[in-house]
Amino acid sequence: MPVVTKDMIPLIVKTGASGRAHGDAAPSFQVGDKVRAKNFNPPTHTRLPRYVRGKVGTIVMDHGVFVTPDTAAHGLGEHPQHVYNVAFGGDELWGGNASPKDKVYIDLWDDYLEAVAP
Amino acid sequence: MNGVHDLGGTHGHGPIAPPAEEPIFAHDWERRMFALFVPAFGGGHFNVDEFRHAIERMDPVHYLHGTYYEHWHHAIETLLIEKGAITREELDAKIRQLKGEQ
């Protein structure tokens with residue numbers, strides 16, 4: 001068990017709890033790709049919001065490689081993978097009269113997404 | 001986990017209207033909760049994902065009533081007990097002591 005000493009406190013407070021992983025992983029998607037968020041409903045931890053499941057969005061940014069929260073929250077390892085910022089249109093998320101100009105940008109893990117034919 | 005924490009897209013919670021000059025800590029005990037997180041996390045008792053999931057596992061009514069740092073408080077207690085750093089009995093005894101019950 002690591003011991004936290006007084007001199008370590010400023011660094012911990014400053015950097016917080018970054019989930020950036022040290023390992024490498026191949027990205028499944030590129031910026032500009034259309035992707036569909038998978039529809040899964042685990043009783044365990046996930047960072048895929050319910051309202052985005054099954055919806056189609058566009059990859060806006062590749063943040064790099066991060067720890068997978070779904071496994072790390074349950075002692076099942078870090079499983080490093082790419083995290084992307086994905087834009088979803090308001091009309092796609094909410095239907096009805098919601099505007100496609102309204103966008104919701106969500107950071108999503110590679111495993112949460114599947115390819116959509118362009 | 002399809003829990004009460006996943007509030008995106010739900011109605012009826014009112015507007016998001018933070019005060020213009022919101023203090024970092026609304027109460028003094030919140031300051032202590034932030035300070036407690038640092039050695040508990042930095043000491044390797046839990047990772048950030050376990051911490052978030054502990055908050056998601058809160059009783060739904062308590063979650064919605066509870067403030068941000070109350071969620072932290074709950075998660076720190078839950079995880080320190082689950083990881084064996086403290087026992088529920090030790091925590092309960094300390095609470096009784098602070099209440100002046102013994």
# chains A, B, ... in the order shown; residues from 1 in each chain; ligands from 1

$ interface_residues --of "chain B" --to "chain A" --cutoff "7 Å" --atoms "only C-alpha atoms" --output "PyMOL selection string"
chain B and resi 1-2+6+8-9+38-39+42-44+48-50+53

$ select_by_dssp --residues "chain A" --states "helix (DSSP H, G or I)" --output "PyMOL selection string"
chain A and resi 6-15+50-52+69-72+90-94+110-112

$ write_last_selection --atoms "N, CA and C atoms" --output "compact mmCIF listing (two decimals), in the first residue's frame"
# COMPACT_ATOMS: atom_id res chain seq x y z
N LYS A 6 3.33 14.41 2.97
CA LYS A 6 2.90 15.80 2.84
C LYS A 6 3.39 16.43 1.53
N ASP A 7 4.63 16.10 1.12
CA ASP A 7 5.19 16.72 -0.09
C ASP A 7 4.50 16.24 -1.36
N MET A 8 3.75 15.13 -1.28
CA MET A 8 3.07 14.61 -2.47
C MET A 8 1.70 15.27 -2.69
N ILE A 9 1.19 15.92 -1.65
CA ILE A 9 -0.19 16.43 -1.70
C ILE A 9 -0.41 17.45 -2.83
N PRO A 10 0.48 18.46 -2.99
CA PRO A 10 0.22 19.45 -4.05
C PRO A 10 0.10 18.82 -5.43
N LEU A 11 0.93 17.79 -5.72
CA LEU A 11 0.89 17.15 -7.03
C LEU A 11 -0.43 16.39 -7.21
N ILE A 12 -0.87 15.68 -6.17
CA ILE A 12 -2.13 14.92 -6.28
C ILE A 12 -3.30 15.87 -6.49
N VAL A 13 -3.30 16.97 -5.75
CA VAL A 13 -4.40 17.94 -5.87
C VAL A 13 -4.39 18.56 -7.27
N LYS A 14 -3.16 18.83 -7.79
CA LYS A 14 -3.04 19.50 -9.09
C LYS A 14 -3.44 18.57 -10.24
N THR A 15 -2.97 17.33 -10.21
CA THR A 15 -3.20 16.45 -11.36
C THR A 15 -4.46 15.63 -11.22
N ARG A 50 -27.30 6.61 -20.95
CA ARG A 50 -28.45 5.90 -21.53
C ARG A 50 -28.97 6.60 -22.77
N TYR A 51 -29.05 7.94 -22.73
CA TYR A 51 -29.73 8.66 -23.81
C TYR A 51 -28.99 8.62 -25.14
N VAL A 52 -27.76 8.11 -25.12
CA VAL A 52 -26.99 8.09 -26.36
C VAL A 52 -26.94 6.67 -26.98
N PRO A 69 -13.09 2.47 -17.79
CA PRO A 69 -13.77 2.54 -16.49
C PRO A 69 -14.60 1.29 -16.18
N ASP A 70 -15.18 0.70 -17.22
CA ASP A 70 -16.08 -0.44 -17.04
C ASP A 70 -15.39 -1.63 -16.37
N THR A 71 -14.09 -1.79 -16.66
CA THR A 71 -13.35 -2.89 -16.02
C THR A 71 -12.62 -2.40 -14.77
N ALA A 72 -12.02 -1.21 -14.85
CA ALA A 72 -11.22 -0.70 -13.73
C ALA A 72 -12.07 -0.51 -12.47
N GLY A 90 -28.93 17.15 -31.95
CA GLY A 90 -30.11 17.21 -31.11
C GLY A 90 -31.27 16.39 -31.69
N ASP A 91 -31.40 16.44 -33.02
CA ASP A 91 -32.50 15.70 -33.65
C ASP A 91 -32.31 14.20 -33.51
N GLU A 92 -31.04 13.75 -33.58
CA GLU A 92 -30.75 12.33 -33.43
C GLU A 92 -31.06 11.86 -32.00
N LEU A 93 -30.72 12.70 -31.01
CA LEU A 93 -30.91 12.30 -29.61
C LEU A 93 -32.36 12.43 -29.17
N TRP A 94 -33.02 13.50 -29.58
CA TRP A 94 -34.32 13.81 -28.98
C TRP A 94 -35.48 13.74 -29.96
N ASP A 110 -13.63 3.45 -27.09
CA ASP A 110 -13.65 2.68 -28.34
C ASP A 110 -14.67 1.54 -28.28
N ASP A 111 -14.67 0.79 -27.17
CA ASP A 111 -15.57 -0.36 -27.02
C ASP A 111 -17.05 0.03 -27.03
N TYR A 112 -17.36 1.29 -26.77
CA TYR A 112 -18.76 1.72 -26.72
C TYR A 112 -19.35 1.92 -28.11

$ residues_around --residues "B:Leu64" --least-positions-apart "3" --cutoff "12 Å" --atoms "only C-alpha atoms" --output "ChimeraX atom specification"
/B:3-7,13,55-56,58-61,67-68,70-71

$ write_last_selection --atoms "N, CA and C atoms" --output "short mmCIF file (atom, residue, chain, number, x, y, z; two decimals), in the first residue's frame"
data_model
loop_
_atom_site.label_atom_id
_atom_site.label_comp_id
_atom_site.auth_asym_id
_atom_site.auth_seq_id
_atom_site.Cartn_x
_atom_site.Cartn_y
_atom_site.Cartn_z
N GLY B 3 -28.54 3.72 -13.31
CA GLY B 3 -28.88 4.26 -12.00
C GLY B 3 -29.43 5.67 -12.07
N VAL B 4 -29.78 6.19 -10.92
CA VAL B 4 -30.38 7.52 -10.82
C VAL B 4 -29.37 8.62 -11.20
N HIS B 5 -28.07 8.26 -11.17
CA HIS B 5 -27.03 9.23 -11.52
C HIS B 5 -27.08 9.62 -12.99
N ASP B 6 -27.64 8.74 -13.82
CA ASP B 6 -27.61 8.96 -15.27
C ASP B 6 -28.79 9.85 -15.65
N LEU B 7 -28.66 11.14 -15.34
CA LEU B 7 -29.78 12.07 -15.40
C LEU B 7 -29.98 12.71 -16.77
N HIS B 13 -36.16 18.59 -13.32
CA HIS B 13 -35.19 18.95 -12.28
C HIS B 13 -34.97 20.46 -12.17
N ILE B 55 -20.42 5.99 -5.83
CA ILE B 55 -21.44 7.05 -5.79
C ILE B 55 -22.71 6.58 -6.49
N GLU B 56 -22.54 5.89 -7.63
CA GLU B 56 -23.71 5.39 -8.36
C GLU B 56 -24.51 4.38 -7.53
N MET B 58 -25.19 4.52 -4.45
CA MET B 58 -25.92 5.14 -3.34
C MET B 58 -27.42 4.86 -3.46
N ASP B 59 -28.10 4.87 -2.34
CA ASP B 59 -29.56 4.82 -2.36
C ASP B 59 -30.06 5.97 -3.25
N PRO B 60 -30.95 5.69 -4.21
CA PRO B 60 -31.35 6.73 -5.18
C PRO B 60 -31.91 8.01 -4.55
N VAL B 61 -32.71 7.85 -3.51
CA VAL B 61 -33.28 9.04 -2.87
C VAL B 61 -32.18 9.86 -2.18
N THR B 67 -25.65 16.45 -1.51
CA THR B 67 -24.83 17.40 -2.23
C THR B 67 -23.61 16.69 -2.83
N TYR B 68 -22.88 17.43 -3.64
CA TYR B 68 -21.70 16.88 -4.32
C TYR B 68 -20.73 16.23 -3.32
N GLU B 70 -21.33 15.33 -0.29
CA GLU B 70 -21.97 14.23 0.43
C GLU B 70 -21.79 12.93 -0.35
N HIS B 71 -21.82 13.03 -1.67
CA HIS B 71 -21.54 11.87 -2.51
C HIS B 71 -20.11 11.39 -2.27
#

$ atom_distance --atom1 "atom CA of A:His63" --atom2 "atom CA of A:Val83"
5.5 Å
